[in-house]
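Below you'll find the structure, written out as structure tokens, and then a few comments.
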Amino acid sequence: RDFNTLYRKTGSDVEDLGVEYTKDLLRKYELPAASHFELAKYCEHCGIEYMCTPWDERSVDLLEEIGVKRYKVASADFDNTPLIQRLLQTNKPIILSTGMANFQQICDRVEFLDRNCAKYTLLHCNSTYPAPFEDIELNFIKTLKSVTKNVGYSGHERGIAVSLGAIALGSTVIERHITEDKSLEGPDHEASLLPDEFESLIRFGRELHISLGEDEIQDRKLSQGALLNKETLGKSIVAREFIPRGTVLRTEDLVVRAPGQGLPPSEIENLVGKIVQKDIEPH
């Protein structure tokens with residue numbers, strides 16, 4: 001944020017307490033530009049892609065100097081057309097949180113982005129810190145996927161379960177906050193993950209992503225392990241007793257036994273009434 005660019009120049013007597021509280025926090029904790037350059041350099045050293053959310057156009061200019069590869073747009077700026085137009089000028093991918101927009105506003109923004117040939121991802125979001133579980137409405141991800149293919153989730157809830165659910169619903173991007181102490185000052189920390197929680201989300205999220213398979217699966221391909229178990233643990237149709245050649249098979253001539261190396265039990269009805277072509281030993 002460039003504080004002087006971001007806020008209108010008025011006295012505190014016309015701002016409500018929420019705005020004043022936020023401004024006080026920003027004055028106290030915002031990072032100077034030099035720190036962002038330092039962080040970007042550290043990220044490069046660690047093999048992490050440095051990202052940042054610009055809240056104003058002057059901050060975009062700064063981040064362009066740093067050389068970010070993609071931009072995040074906060075929910076509060078989802079309707080900020082001048083800022084988004086400035087980001088589109090960079091020709092870089094943008095990720096937009098939708099936590100403060102209804103479905104029609106989202107559709108209008110998608111139409112604007114498509115018209116401008118933008119490379120973008122929408123994040124389902126509930127802009128409350130922390131977000132109550134009953135307000136998250138995670139199934140809205142399905143609705144977002146009906147208007148654009150690239151959809152993710154920005155979570156402010158406690159824990160990692162909802163974020164994992166978002167992956168199961170097809171999210172391609174997961175955004176979570178991280179902190180060292182959830183009791184620190186400001187609204188974000190209580191809605192953030194501790195390092196061990198963040199690590200668990202990444203590990204379980206990757207396992208879940210792999211387990212989902214392709215986007216559209218029309219039929220199942222049984223694994224080698226499943227086929228072996230089907231034979232070992234499955235069952236087959238066998239002769240209850242000795243059946244001589246020429247016998248017309250009856251239900252009582254047949255019985256189901258393991259392993260599954262012969263005809264499956266589902267074929268019994270197709271065998272009844274058939275004439276046996278050779279002698280069949282018991283079982």
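Scheme for the structure tokens: letters A, B, ... for chains in order shown; per-chain residue numbers from 1; ligand numbers from 1 in order shown.
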- For region 187-199 of chain A, work out the shell of residues within 6 Å, counting only C-alpha atoms and skipping chain neighbours fewer than 5 positions away, then give it as a PyMOL selection string. chain A and resi 129-130+156-158+177-180+182
| said: With only C-alpha atoms as the counted atoms, please give the residues lying no more than 12 Å from Glu267 (chain A), apart from itself and same-chain residues fewer than 2 positions off, as a list in words. | reply: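 Result of the neighbour search: Lys235, Ser236, Ile237, Val238, Thr251, Leu254, Val255, Val256, Gly262, Leu263, Pro264, Pro265, Glu269, Asn270, Leu271, Val272 and Lys274 of chain A.
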Write a file of the just-selected residues containing N, CA, C and O atoms, as a PDB file, in the first residue's frame.
ATOM      1  N   LYS A 235     -15.038 -63.981  -5.617  1.00  0.00           N
ATOM      2  CA  LYS A 235     -15.629 -65.318  -5.640  1.00  0.00           C
ATOM      3  C   LYS A 235     -16.024 -65.692  -7.062  1.00  0.00           C
ATOM      4  O   LYS A 235     -16.208 -64.833  -7.918  1.00  0.00           O
ATOM      5  N   SER A 236     -16.167 -66.988  -7.306  1.00  0.00           N
ATOM      6  CA  SER A 236     -16.521 -67.515  -8.616  1.00  0.00           C
ATOM      7  C   SER A 236     -17.665 -68.529  -8.481  1.00  0.00           C
ATOM      8  O   SER A 236     -17.928 -69.058  -7.399  1.00  0.00           O
ATOM      9  N   ILE A 237     -18.315 -68.801  -9.613  1.00  0.00           N
ATOM     10  CA  ILE A 237     -19.331 -69.844  -9.660  1.00  0.00           C
ATOM     11  C   ILE A 237     -18.641 -71.190  -9.851  1.00  0.00           C
ATOM     12  O   ILE A 237     -17.803 -71.340 -10.757  1.00  0.00           O
ATOM     13  N   VAL A 238     -18.978 -72.168  -9.011  1.00  0.00           N
ATOM     14  CA  VAL A 238     -18.409 -73.520  -9.143  1.00  0.00           C
ATOM     15  C   VAL A 238     -19.531 -74.557  -9.029  1.00  0.00           C
ATOM     16  O   VAL A 238     -20.662 -74.238  -8.639  1.00  0.00           O
ATOM     17  N   THR A 251     -30.254 -73.962 -10.707  1.00  0.00           N
ATOM     18  CA  THR A 251     -29.643 -73.091  -9.690  1.00  0.00           C
ATOM     19  C   THR A 251     -28.978 -73.913  -8.603  1.00  0.00           C
ATOM     20  O   THR A 251     -27.873 -73.600  -8.133  1.00  0.00           O
ATOM     21  N   LEU A 254     -25.267 -75.122  -8.685  1.00  0.00           N
ATOM     22  CA  LEU A 254     -24.172 -74.149  -8.630  1.00  0.00           C
ATOM     23  C   LEU A 254     -24.033 -73.562  -7.231  1.00  0.00           C
ATOM     24  O   LEU A 254     -24.998 -73.456  -6.473  1.00  0.00           O
ATOM     25  N   VAL A 255     -22.823 -73.138  -6.891  1.00  0.00           N
ATOM     26  CA  VAL A 255     -22.537 -72.518  -5.606  1.00  0.00           C
ATOM     27  C   VAL A 255     -21.415 -71.505  -5.809  1.00  0.00           C
ATOM     28  O   VAL A 255     -20.635 -71.601  -6.767  1.00  0.00           O
ATOM     29  N   VAL A 256     -21.342 -70.531  -4.937  1.00  0.00           N
ATOM     30  CA  VAL A 256     -20.339 -69.463  -5.034  1.00  0.00           C
ATOM     31  C   VAL A 256     -19.230 -69.711  -4.013  1.00  0.00           C
ATOM     32  O   VAL A 256     -19.501 -69.886  -2.826  1.00  0.00           O
ATOM     33  N   GLY A 262     -12.782 -67.597 -11.720  1.00  0.00           N
ATOM     34  CA  GLY A 262     -13.677 -68.111 -12.747  1.00  0.00           C
ATOM     35  C   GLY A 262     -14.769 -67.106 -13.057  1.00  0.00           C
ATOM     36  O   GLY A 262     -14.559 -65.890 -12.958  1.00  0.00           O
ATOM     37  N   LEU A 263     -15.951 -67.635 -13.440  1.00  0.00           N
ATOM     38  CA  LEU A 263     -17.064 -66.745 -13.759  1.00  0.00           C
ATOM     39  C   LEU A 263     -17.563 -66.061 -12.486  1.00  0.00           C
ATOM     40  O   LEU A 263     -17.721 -66.715 -11.446  1.00  0.00           O
ATOM     41  N   PRO A 264     -17.851 -64.767 -12.545  1.00  0.00           N
ATOM     42  CA  PRO A 264     -18.333 -64.058 -11.349  1.00  0.00           C
ATOM     43  C   PRO A 264     -19.747 -64.484 -10.980  1.00  0.00           C
ATOM     44  O   PRO A 264     -20.523 -64.948 -11.831  1.00  0.00           O
ATOM     45  N   PRO A 265     -20.135 -64.346  -9.697  1.00  0.00           N
ATOM     46  CA  PRO A 265     -21.470 -64.749  -9.241  1.00  0.00           C
ATOM     47  C   PRO A 265     -22.599 -64.060 -10.000  1.00  0.00           C
ATOM     48  O   PRO A 265     -23.712 -64.597 -10.070  1.00  0.00           O
ATOM     49  N   GLU A 269     -27.505 -66.428 -13.296  1.00  0.00           N
ATOM     50  CA  GLU A 269     -28.770 -66.479 -14.034  1.00  0.00           C
ATOM     51  C   GLU A 269     -28.539 -66.826 -15.507  1.00  0.00           C
ATOM     52  O   GLU A 269     -29.403 -67.456 -16.142  1.00  0.00           O
ATOM     53  N   ASN A 270     -27.393 -66.434 -16.048  1.00  0.00           N
ATOM     54  CA  ASN A 270     -27.099 -66.736 -17.455  1.00  0.00           C
ATOM     55  C   ASN A 270     -26.714 -68.203 -17.660  1.00  0.00           C
ATOM     56  O   ASN A 270     -26.786 -68.718 -18.785  1.00  0.00           O
ATOM     57  N   LEU A 271     -26.289 -68.896 -16.583  1.00  0.00           N
ATOM     58  CA  LEU A 271     -25.887 -70.292 -16.701  1.00  0.00           C
ATOM     59  C   LEU A 271     -27.070 -71.253 -16.557  1.00  0.00           C
ATOM     60  O   LEU A 271     -27.073 -72.345 -17.151  1.00  0.00           O
ATOM     61  N   VAL A 272     -28.039 -70.850 -15.762  1.00  0.00           N
ATOM     62  CA  VAL A 272     -29.192 -71.726 -15.531  1.00  0.00           C
ATOM     63  C   VAL A 272     -29.917 -71.989 -16.854  1.00  0.00           C
ATOM     64  O   VAL A 272     -30.221 -71.062 -17.606  1.00  0.00           O
ATOM     65  N   LYS A 274     -28.573 -73.800 -19.292  1.00  0.00           N
ATOM     66  CA  LYS A 274     -27.575 -74.167 -20.296  1.00  0.00           C
ATOM     67  C   LYS A 274     -27.252 -75.671 -20.181  1.00  0.00           C
ATOM     68  O   LYS A 274     -27.347 -76.270 -19.106  1.00  0.00           O
TER      69      LYS A 274
END
Looking at A:Gly159, A:Asn139, A:Val173, A:Glu38, which one is nearest to Ile94 (chain A), with distances taken over only C-alpha atoms?
->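 Of A:Gly159, A:Asn139, A:Val173, A:Glu38, the one nearest Ile94 (chain A) is A:Val173, counting only C-alpha atoms.
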Judged by only C-alpha atoms, the minimum distance to Gly165 (chain A) among A:Pro54, A:Gly67, A:Pro132, A:Gly152 is found for A:Gly152
Next item on the list: Name the residues in contact with Phe37 (chain A) at a cut-off of 12 Å, using only C-alpha atoms, excluding same-chain residues fewer than 5 positions from it; report them as a ChimeraX atom specification.
Entry: /A:31-32,42-44,50-52,62-68
All residues 7 Å or closer to Arg245 (chain A), only C-alpha atoms, same chain fewer than 3 positions away omitted, as an MDAnalysis selection string: chainID A and resid 276:279
Write the residues you've just listed into a file as a PDB file, in the first residue's frame, and include C-alpha atoms for each of them.
ATOM      1  CA  VAL A 276     -23.161 -78.833 -19.867  1.00  0.00           C
ATOM      2  CA  GLN A 277     -20.668 -79.699 -22.662  1.00  0.00           C
ATOM      3  CA  LYS A 278     -18.233 -81.749 -20.550  1.00  0.00           C
ATOM      4  CA  ASP A 279     -18.033 -83.347 -17.144  1.00  0.00           C
TER       5      ASP A 279
END
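For the atom pair formed by CA of Thr53 (chain A) and CA of Lys69 (chain A), the distance is 12.0 Å, given to one decimal.
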*asked:* Which of region 197-270 of chain A end up as helix (DSSP H, G or I) when DSSP is run on this backbone - answer as a ChimeraX atom specification?
replied: /A:197-212,224-233,251-253,265-270
Note to self: Just want the 8 Å neighbourhood of Ala166 (chain A), counted on only C-alpha atoms, with same-chain residues fewer than 6 positions away dropped. Output as a PyMOL selection string.
What the structure shows: chain A and resi 138+141+152-153+174
Dump of all heavy atoms for the selected residues, as a PDB file, in the first residue's frame:
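The result, stored in out_25.pdb:
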ATOM      1  N   LEU A 138     -19.044 -23.298   0.688  1.00  0.00           N
ATOM      2  CA  LEU A 138     -17.972 -23.774  -0.187  1.00  0.00           C
ATOM      3  C   LEU A 138     -18.494 -24.254  -1.540  1.00  0.00           C
ATOM      4  O   LEU A 138     -17.771 -24.196  -2.539  1.00  0.00           O
ATOM      5  CB  LEU A 138     -17.208 -24.891   0.511  1.00  0.00           C
ATOM      6  CG  LEU A 138     -15.793 -25.199   0.015  1.00  0.00           C
ATOM      7  CD1 LEU A 138     -14.900 -23.982   0.149  1.00  0.00           C
ATOM      8  CD2 LEU A 138     -15.200 -26.371   0.794  1.00  0.00           C
ATOM      9  N   ILE A 141     -18.090 -22.651  -5.108  1.00  0.00           N
ATOM     10  CA  ILE A 141     -17.002 -22.947  -6.050  1.00  0.00           C
ATOM     11  C   ILE A 141     -17.574 -23.568  -7.319  1.00  0.00           C
ATOM     12  O   ILE A 141     -17.132 -23.261  -8.438  1.00  0.00           O
ATOM     13  CB  ILE A 141     -15.961 -23.877  -5.394  1.00  0.00           C
ATOM     14  CG1 ILE A 141     -15.162 -23.103  -4.329  1.00  0.00           C
ATOM     15  CG2 ILE A 141     -15.007 -24.476  -6.433  1.00  0.00           C
ATOM     16  CD1 ILE A 141     -14.207 -23.962  -3.528  1.00  0.00           C
ATOM     17  N   GLY A 152     -10.304 -20.969  -7.604  1.00  0.00           N
ATOM     18  CA  GLY A 152      -9.597 -21.399  -6.406  1.00  0.00           C
ATOM     19  C   GLY A 152     -10.338 -20.955  -5.162  1.00  0.00           C
ATOM     20  O   GLY A 152     -11.516 -20.605  -5.202  1.00  0.00           O
ATOM     21  N   TYR A 153      -9.617 -20.941  -4.041  1.00  0.00           N
ATOM     22  CA  TYR A 153     -10.243 -20.627  -2.749  1.00  0.00           C
ATOM     23  C   TYR A 153      -9.280 -19.827  -1.895  1.00  0.00           C
ATOM     24  O   TYR A 153      -8.101 -20.172  -1.757  1.00  0.00           O
ATOM     25  CB  TYR A 153     -10.626 -21.910  -2.021  1.00  0.00           C
ATOM     26  CG  TYR A 153     -11.200 -21.666  -0.649  1.00  0.00           C
ATOM     27  CD1 TYR A 153     -12.429 -21.018  -0.486  1.00  0.00           C
ATOM     28  CD2 TYR A 153     -10.518 -22.075   0.494  1.00  0.00           C
ATOM     29  CE1 TYR A 153     -12.941 -20.785   0.771  1.00  0.00           C
ATOM     30  CE2 TYR A 153     -11.028 -21.853   1.757  1.00  0.00           C
ATOM     31  CZ  TYR A 153     -12.242 -21.209   1.897  1.00  0.00           C
ATOM     32  OH  TYR A 153     -12.762 -20.968   3.141  1.00  0.00           O
ATOM     33  N   ILE A 174      -4.996 -22.313  -3.801  1.00  0.00           N
ATOM     34  CA  ILE A 174      -5.420 -22.167  -2.407  1.00  0.00           C
ATOM     35  C   ILE A 174      -4.593 -21.048  -1.788  1.00  0.00           C
ATOM     36  O   ILE A 174      -3.365 -21.070  -1.843  1.00  0.00           O
ATOM     37  CB  ILE A 174      -5.218 -23.459  -1.603  1.00  0.00           C
ATOM     38  CG1 ILE A 174      -6.054 -24.594  -2.190  1.00  0.00           C
ATOM     39  CG2 ILE A 174      -5.564 -23.232  -0.129  1.00  0.00           C
ATOM     40  CD1 ILE A 174      -7.544 -24.413  -2.056  1.00  0.00           C
TER      41      ILE A 174
END
Near-Leu96 (chain A) list (6 Å; only C-alpha atoms; drop same-chain fewer than 4 positions) as a list in words:
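My list of contacting residues is Lys72, Val73, Leu122 and Leu123 of chain A.
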So that I have them on file, write out the residues from the current selection with N, CA and C atoms, as a compact mmCIF listing (two decimals), in the first residue's frame.
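Dumped to result35.txt:
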# COMPACT_ATOMS: atom_id res chain seq x y z
N LYS A 72 -2.11 -10.55 -7.19
CA LYS A 72 -3.33 -10.88 -6.45
C LYS A 72 -4.13 -9.60 -6.28
N VAL A 73 -5.46 -9.71 -6.48
CA VAL A 73 -6.37 -8.59 -6.25
C VAL A 73 -7.24 -8.94 -5.06
N LEU A 122 -10.28 -16.84 -10.43
CA LEU A 122 -11.18 -16.32 -9.40
C LEU A 122 -11.07 -17.18 -8.14
N LEU A 123 -11.04 -16.54 -6.99
CA LEU A 123 -11.01 -17.26 -5.72
C LEU A 123 -12.32 -17.06 -4.98
ask   = When you draw a straight line from CA of Pro93 (chain A) to CA of Arg27 (chain A), how long is it in Å?
value =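 Straight-line distance from CA of Pro93 (chain A) to CA of Arg27 (chain A) works out to 29.7 Å.
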Using the chain letters and numbers from this document, which residues of region 14-222 of chain A does DSSP assign to strand (DSSP E or B), as a list of chain:residue names?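 After running DSSP on the backbone, region 14-222 of chain A has strand (DSSP E or B) at A:Tyr71, A:Lys72, A:Val73, A:Ile94, A:Ile95, A:Leu96, A:Ser97, A:Tyr120, A:Thr121, A:Leu122, A:Leu123, A:His124, A:Cys125, A:Val151, A:Gly152, A:Tyr153, A:Ser154, A:Gly155, A:Ile174, A:Glu175, A:Arg176, A:Ile178, A:Leu193.
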Item to check | Using only C-alpha atoms: which of A:Ala258, A:Ala101, A:Cys107, A:Ala239 has the shortest distance to Pro282 (chain A) | outcome: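 Of all the options, A:Ala239 lies closest to Pro282 (chain A).
Closest approach to Thr128 (chain A) among A:Arg1, A:Ala76, A:Arg115, A:Glu207: A:Ala76, based on only C-alpha atoms.
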As a check of understanding: the span from CA of Ile95 (chain A) to CA of Asn150 (chain A) is 9.5 Å
Measuring between only C-alpha atoms, which one of A:Gln105, A:Ser211, A:Ser171, A:Gln218 shows the shortest distance to Thr121 (chain A)?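 Checking each of A:Gln105, A:Ser211, A:Ser171, A:Gln218 against Thr121 (chain A), counting only C-alpha atoms, the winner is A:Ser171.
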